[in-house]
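Asks: This is structure_6.pdb, which holds PDB, C-alpha atoms:
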ATOM      1  CA  MET Q  30     -30.934   5.878 -26.932  1.00  0.00           C
ATOM      2  CA  SER Q  31     -30.492   7.916 -23.792  1.00  0.00           C
ATOM      3  CA  VAL Q  32     -27.476  10.016 -22.811  1.00  0.00           C
ATOM      4  CA  LYS Q  33     -26.973  12.076 -19.619  1.00  0.00           C
ATOM      5  CA  LEU Q  34     -23.953  14.002 -18.354  1.00  0.00           C
ATOM      6  CA  ILE Q  35     -23.660  13.794 -14.577  1.00  0.00           C
ATOM      7  CA  PRO Q  36     -21.128  15.575 -12.339  1.00  0.00           C
ATOM      8  CA  TYR Q  37     -19.154  13.004 -10.325  1.00  0.00           C
ATOM      9  CA  PHE Q  38     -17.453  14.206  -7.145  1.00  0.00           C
ATOM     10  CA  VAL Q  39     -14.533  12.127  -5.894  1.00  0.00           C
ATOM     11  CA  MET Q  40     -13.911  12.840  -2.220  1.00  0.00           C
ATOM     12  CA  ASN Q  41     -11.023  12.056   0.105  1.00  0.00           C
ATOM     13  CA  GLY Q  42     -12.988  10.179   2.780  1.00  0.00           C
ATOM     14  CA  THR Q  43     -15.699  12.834   3.153  1.00  0.00           C
ATOM     15  CA  ALA Q  44     -18.369  11.622   0.705  1.00  0.00           C
ATOM     16  CA  LYS Q  45     -20.865  10.710   3.467  1.00  0.00           C
ATOM     17  CA  GLU Q  46     -20.377  14.114   5.072  1.00  0.00           C
ATOM     18  CA  ALA Q  47     -20.785  15.874   1.703  1.00  0.00           C
ATOM     19  CA  ILE Q  48     -23.978  13.944   0.927  1.00  0.00           C
ATOM     20  CA  GLN Q  49     -25.444  14.883   4.311  1.00  0.00           C
ATOM     21  CA  PHE Q  50     -24.405  18.490   3.737  1.00  0.00           C
ATOM     22  CA  TYR Q  51     -26.174  18.633   0.346  1.00  0.00           C
ATOM     23  CA  GLN Q  52     -29.248  16.947   1.835  1.00  0.00           C
ATOM     24  CA  GLN Q  53     -29.483  19.809   4.326  1.00  0.00           C
ATOM     25  CA  ALA Q  54     -28.299  22.689   2.149  1.00  0.00           C
ATOM     26  CA  LEU Q  55     -29.997  21.748  -1.132  1.00  0.00           C
ATOM     27  CA  ASP Q  56     -32.793  19.385  -0.058  1.00  0.00           C
ATOM     28  CA  ALA Q  57     -31.064  16.563  -1.939  1.00  0.00           C
ATOM     29  CA  GLN Q  58     -32.512  13.082  -1.981  1.00  0.00           C
ATOM     30  CA  VAL Q  59     -30.242  10.018  -1.806  1.00  0.00           C
ATOM     31  CA  LEU Q  60     -31.113   7.740  -4.708  1.00  0.00           C
ATOM     32  CA  PHE Q  61     -28.367   5.162  -4.125  1.00  0.00           C
ATOM     33  CA  SER Q  62     -25.445   4.648  -1.784  1.00  0.00           C
ATOM     34  CA  GLN Q  63     -22.983   1.751  -1.475  1.00  0.00           C
ATOM     35  CA  SER Q  64     -19.878   1.426   0.675  1.00  0.00           C
ATOM     36  CA  PHE Q  65     -16.624  -0.243  -0.336  1.00  0.00           C
ATOM     37  CA  GLY Q  66     -17.468  -2.938   2.234  1.00  0.00           C
ATOM     38  CA  GLU Q  67     -20.686  -3.754   0.335  1.00  0.00           C
ATOM     39  CA  MET Q  68     -18.866  -4.354  -2.954  1.00  0.00           C
ATOM     40  CA  PRO Q  69     -17.781  -7.831  -4.077  1.00  0.00           C
ATOM     41  CA  GLU Q  70     -14.317  -8.588  -2.704  1.00  0.00           C
ATOM     42  CA  ASN Q  71     -11.392  -8.426  -5.119  1.00  0.00           C
ATOM     43  CA  PRO Q  72      -8.298 -10.335  -3.937  1.00  0.00           C
ATOM     44  CA  GLU Q  73      -6.097  -8.162  -6.189  1.00  0.00           C
ATOM     45  CA  TYR Q  74      -7.198  -5.073  -4.245  1.00  0.00           C
ATOM     46  CA  PRO Q  75      -7.644  -6.023  -0.583  1.00  0.00           C
ATOM     47  CA  LEU Q  76      -9.760  -3.540   1.341  1.00  0.00           C
ATOM     48  CA  PRO Q  77      -8.369  -2.191   4.623  1.00  0.00           C
ATOM     49  CA  ALA Q  78     -10.850  -2.453   7.505  1.00  0.00           C
ATOM     50  CA  GLU Q  79     -10.905   1.337   7.984  1.00  0.00           C
ATOM     51  CA  ALA Q  80     -12.121   1.785   4.375  1.00  0.00           C
ATOM     52  CA  LYS Q  81     -15.158  -0.528   4.534  1.00  0.00           C
ATOM     53  CA  ASP Q  82     -17.545   2.331   5.449  1.00  0.00           C
ATOM     54  CA  LEU Q  83     -16.249   4.754   2.819  1.00  0.00           C
ATOM     55  CA  VAL Q  84     -18.561   5.451  -0.114  1.00  0.00           C
ATOM     56  CA  SER Q  85     -17.756   3.464  -3.256  1.00  0.00           C
ATOM     57  CA  HIS Q  86     -20.644   5.012  -5.174  1.00  0.00           C
ATOM     58  CA  ALA Q  87     -23.642   7.200  -4.386  1.00  0.00           C
ATOM     59  CA  THR Q  88     -26.160   9.192  -6.393  1.00  0.00           C
ATOM     60  CA  ILE Q  89     -28.191  12.096  -5.065  1.00  0.00           C
ATOM     61  CA  LYS Q  90     -30.912  14.106  -6.759  1.00  0.00           C
ATOM     62  CA  ILE Q  91     -31.015  17.876  -6.423  1.00  0.00           C
ATOM     63  CA  GLY Q  92     -34.136  19.213  -8.088  1.00  0.00           C
ATOM     64  CA  GLU Q  93     -34.170  17.539 -11.497  1.00  0.00           C
ATOM     65  CA  SER Q  94     -30.414  16.893 -11.596  1.00  0.00           C
ATOM     66  CA  GLU Q  95     -28.256  14.101 -10.285  1.00  0.00           C
ATOM     67  CA  VAL Q  96     -24.783  14.243  -8.754  1.00  0.00           C
ATOM     68  CA  MET Q  97     -22.647  11.151  -8.141  1.00  0.00           C
ATOM     69  CA  PHE Q  98     -20.083  10.649  -5.376  1.00  0.00           C
ATOM     70  CA  SER Q  99     -17.376   8.289  -4.261  1.00  0.00           C
ATOM     71  CA  ASP Q 100     -14.438   8.348  -1.917  1.00  0.00           C
ATOM     72  CA  THR Q 101     -11.032   7.556  -3.356  1.00  0.00           C
ATOM     73  CA  PHE Q 102     -10.146   3.886  -3.080  1.00  0.00           C
ATOM     74  CA  PRO Q 103      -7.472   3.308  -0.420  1.00  0.00           C
ATOM     75  CA  GLY Q 104      -4.065   3.876  -1.969  1.00  0.00           C
ATOM     76  CA  GLN Q 105      -5.311   6.082  -4.812  1.00  0.00           C
ATOM     77  CA  GLU Q 106      -4.030   9.635  -4.941  1.00  0.00           C
ATOM     78  CA  HIS Q 107      -6.454  12.461  -4.336  1.00  0.00           C
ATOM     79  CA  HIS Q 108      -5.579  16.055  -5.121  1.00  0.00           C
ATOM     80  CA  SER Q 109      -7.337  19.167  -6.262  1.00  0.00           C
ATOM     81  CA  GLY Q 110      -8.244  18.868  -9.901  1.00  0.00           C
ATOM     82  CA  ASN Q 111      -9.218  15.201 -10.004  1.00  0.00           C
ATOM     83  CA  GLN Q 112     -12.114  15.309  -7.569  1.00  0.00           C
ATOM     84  CA  VAL Q 113     -14.726  16.302 -10.174  1.00  0.00           C
ATOM     85  CA  THR Q 114     -15.313  14.255 -13.303  1.00  0.00           C
ATOM     86  CA  ILE Q 115     -18.197  14.049 -15.759  1.00  0.00           C
ATOM     87  CA  CYS Q 116     -20.066  10.761 -15.912  1.00  0.00           C
ATOM     88  CA  ILE Q 117     -21.695  10.149 -19.274  1.00  0.00           C
ATOM     89  CA  SER Q 118     -24.496   7.670 -18.714  1.00  0.00           C
ATOM     90  CA  THR Q 119     -26.093   5.839 -21.637  1.00  0.00           C
ATOM     91  CA  ASN Q 120     -28.268   2.784 -22.099  1.00  0.00           C
ATOM     92  CA  ASP Q 121     -26.518   1.844 -25.368  1.00  0.00           C
ATOM     93  CA  ALA Q 122     -23.183  -0.040 -25.214  1.00  0.00           C
ATOM     94  CA  ASP Q 123     -22.375   0.784 -28.859  1.00  0.00           C
ATOM     95  CA  GLN Q 124     -22.873   4.494 -28.128  1.00  0.00           C
ATOM     96  CA  ALA Q 125     -20.681   4.120 -25.022  1.00  0.00           C
ATOM     97  CA  ARG Q 126     -17.882   2.615 -27.144  1.00  0.00           C
ATOM     98  CA  LYS Q 127     -18.213   5.370 -29.748  1.00  0.00           C
ATOM     99  CA  MET Q 128     -18.035   8.128 -27.108  1.00  0.00           C
ATOM    100  CA  PHE Q 129     -15.143   6.432 -25.286  1.00  0.00           C
ATOM    101  CA  GLU Q 130     -13.144   6.049 -28.511  1.00  0.00           C
ATOM    102  CA  GLY Q 131     -13.886   9.646 -29.500  1.00  0.00           C
ATOM    103  CA  LEU Q 132     -12.773  11.051 -26.143  1.00  0.00           C
ATOM    104  CA  SER Q 133      -9.655   8.848 -26.223  1.00  0.00           C
ATOM    105  CA  GLN Q 134      -8.340  10.560 -29.385  1.00  0.00           C
ATOM    106  CA  GLY Q 135      -5.356  12.568 -28.149  1.00  0.00           C
ATOM    107  CA  GLY Q 136      -6.321  11.768 -24.557  1.00  0.00           C
ATOM    108  CA  GLN Q 137      -5.308   9.216 -21.958  1.00  0.00           C
ATOM    109  CA  VAL Q 138      -7.257   6.102 -20.981  1.00  0.00           C
ATOM    110  CA  GLY Q 139      -7.418   5.667 -17.209  1.00  0.00           C
ATOM    111  CA  LEU Q 140      -9.526   2.495 -17.285  1.00  0.00           C
ATOM    112  CA  PRO Q 141     -10.288   0.745 -20.571  1.00  0.00           C
ATOM    113  CA  LEU Q 142     -13.967   0.404 -21.459  1.00  0.00           C
ATOM    114  CA  GLN Q 143     -14.942  -3.007 -20.110  1.00  0.00           C
ATOM    115  CA  GLU Q 144     -17.676  -5.053 -18.490  1.00  0.00           C
ATOM    116  CA  THR Q 145     -17.725  -4.680 -14.704  1.00  0.00           C
ATOM    117  CA  PHE Q 146     -19.898  -6.080 -11.948  1.00  0.00           C
ATOM    118  CA  PHE Q 147     -22.048  -2.916 -12.151  1.00  0.00           C
ATOM    119  CA  SER Q 148     -22.115  -2.136 -15.892  1.00  0.00           C
ATOM    120  CA  PRO Q 149     -21.923  -3.928 -19.244  1.00  0.00           C
ATOM    121  CA  ALA Q 150     -19.481  -1.230 -20.472  1.00  0.00           C
ATOM    122  CA  TYR Q 151     -17.643   1.162 -18.130  1.00  0.00           C
ATOM    123  CA  GLY Q 152     -14.388   3.062 -18.535  1.00  0.00           C
ATOM    124  CA  GLN Q 153     -12.533   6.247 -17.643  1.00  0.00           C
ATOM    125  CA  VAL Q 154     -10.715   8.549 -20.037  1.00  0.00           C
ATOM    126  CA  THR Q 155      -9.119  11.985 -19.751  1.00  0.00           C
ATOM    127  CA  ASP Q 156      -9.564  13.893 -22.993  1.00  0.00           C
ATOM    128  CA  LYS Q 157      -6.904  15.997 -24.696  1.00  0.00           C
ATOM    129  CA  PHE Q 158      -8.126  19.043 -22.744  1.00  0.00           C
ATOM    130  CA  GLY Q 159      -7.555  17.398 -19.349  1.00  0.00           C
ATOM    131  CA  ILE Q 160     -11.257  16.712 -18.608  1.00  0.00           C
ATOM    132  CA  THR Q 161     -11.877  13.267 -17.100  1.00  0.00           C
ATOM    133  CA  PHE Q 162     -14.958  11.383 -18.202  1.00  0.00           C
ATOM    134  CA  GLN Q 163     -16.462   8.210 -16.844  1.00  0.00           C
ATOM    135  CA  ILE Q 164     -18.461   6.337 -19.469  1.00  0.00           C
ATOM    136  CA  PHE Q 165     -21.207   4.302 -17.789  1.00  0.00           C
ATOM    137  CA  THR Q 166     -23.576   1.986 -19.617  1.00  0.00           C
ATOM    138  CA  GLU Q 167     -26.817   1.331 -17.783  1.00  0.00           C
ATOM    139  CA  GLY Q 168     -28.074  -2.226 -17.560  1.00  0.00           C
ATOM    140  CA  LYS Q 169     -27.030  -5.560 -16.175  1.00  0.00           C
ATOM    141  CA  PRO Q 170     -23.631  -7.020 -17.031  1.00  0.00           C
ATOM    142  CA  HIS Q 171     -23.596 -10.494 -18.538  1.00  0.00           C
ATOM    143  CA  GLN Q 172     -23.781 -13.093 -15.796  1.00  0.00           C
TER
END
Spell out the structure here as structure tokens.

Replies:
Amino acid sequence: MSVKLIPYFVMNGTAKEAIQFYQQALDAQVLFSQSFGEMPENPEYPLPAEAKDLVSHATIKIGESEVMFSDTFPGQEHHSGNQVTICISTNDADQARKMFEGLSQGGQVGLPLQETFFSPAYGQVTDKFGITFQIFTEGKPHQ
């Protein structure tokens, strides 16, 4: 079993700029970057044309550590306090469920733990102390 805690910065349309800034300032390497326009389309959440180039998910490496980024999805609120979350990454779906359930006690589920196009088990929960966690299970979702 593997578990990592990764800072996740949610930006208000400036994720690309922030990534470039950290590349220059901290010699960061881009490990992955995907725009909203590169994601599978979801008819329930139509994507405005001006949002297609915004970052849906990116990972950079600074030294031995990783930092993840995204821009807010069009229509989502963005305000100080919700732009940094902790992503707990594991390769064990049972461990992901256990951590998600534990953090949910006295907290608030933002997105139930579920299979997505990018993870076999992913969810978001704000614990009873107001800290928001993203639980990400590595691996391929069932096809």

Asks: Could you tell me, as a list of chain:residue names, exactly which residues end up selected when the PyMOL selection byres ((chain Q and resi 139) around 8) is applied to this structure?

Replies: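 Output from the PyMOL selection byres ((chain Q and resi 139) around 8), applied to this file: Q:Gln137, Q:Val138, Q:Leu140, Q:Pro141, Q:Gly152, Q:Gln153, Q:Val154, Q:Thr155.
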
Asks: What residues come out when you apply the PyMOL selection byres ((chain Q and resi 115) around 6) to this file, written as a PyMOL selection string?

Replies: chain Q and resi 35-37+114+116+162

Asks: I need the output of the PyMOL selection byres ((chain Q and resi 60) around 12) for this file as a list in words; which residues are they?

Replies: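 When the PyMOL selection byres ((chain Q and resi 60) around 12) is applied to the shown file, the picked residues are Ile48, Gln52, Ala57, Gln58, Val59, Phe61, Ser62, Gln63, His86, Ala87, Thr88, Ile89, Lys90, Ile91, Ser94, Glu95, Val96, Met97 and Phe98 of chain Q.
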
Asks: Just give me the gap between CA of Glu144 in chain Q and CA of Ser99 in chain Q in Å, one decimal is fine.

Replies: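 So the two atoms, CA of Glu144 in chain Q and CA of Ser99 in chain Q, lie 19.5 Å apart.
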
Asks: Please, what distance in Å, to one decimal, runs between CA of Glu130 in chain Q and CA of Pro149 in chain Q?

Replies: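 Distance between the two atoms: 16.2 Å.
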
Asks: Just checking: using all atoms listed in the file, which residue out of Q:Leu76, Q:Leu132, Q:Asp121, Q:Val32 ends up closest to Ala150 in chain Q?

Replies: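 Looking only at the distances to Ala150 in chain Q, the closest residue turns out to be Q:Asp121.
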
Asks: Could you give me, as a list in words, the residues within 10 Å of Phe146 in chain Q, counting only C-alpha atoms and dropping anything in the same chain fewer than 3 positions from it?

Replies: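 Here the answer would be Met68, Pro69, Pro149, Ala150, Tyr151, Lys169, Pro170, His171 and Gln172 of chain Q.
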
Asks: Between Q:Phe65, Q:Gln143, Q:Lys157, Q:Thr119, which one has atoms that come closest to Lys33 in chain Q, using all atoms listed in the file?

Replies: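 For Lys33 in chain Q, the nearest of the candidates is Q:Thr119.
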
Asks: Tell me, as a PyMOL selection string, which residues lie within 10 Å of Tyr74 in chain Q, counting only C-alpha atoms; anything in the same chain fewer than 4 positions away does not count.

Replies: chain Q and resi 70+102-104

Asks: May I ask for the distance between CA of Gly42 in chain Q and CA of Asp100 in chain Q, given in Å to one decimal place?

Replies: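 A separation of 5.2 Å between them.
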
Asks: Which of these, Q:Val84, Q:Ser148, Q:Ser31, Q:Asp123, has the shortest distance to Ala47 in chain Q once you count only C-alpha atoms?

Replies: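 Using only C-alpha atoms, Ala47 in chain Q sits closest to Q:Val84.
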
Asks: With only C-alpha atoms as the basis for distance, which of Q:Asn71, Q:Ile164, Q:Glu106, Q:Ala54 is at the shortest distance from Gln124 in chain Q?

Replies: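 Result for the nearest residue to Gln124 in chain Q: Q:Ile164.
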
Asks: Ranking Q:Ala122, Q:Ile117, Q:Gly92, Q:Pro75 by minimum distance to Leu55 in chain Q and counting all atoms listed in the file, which one comes first?

Replies: Q:Gly92
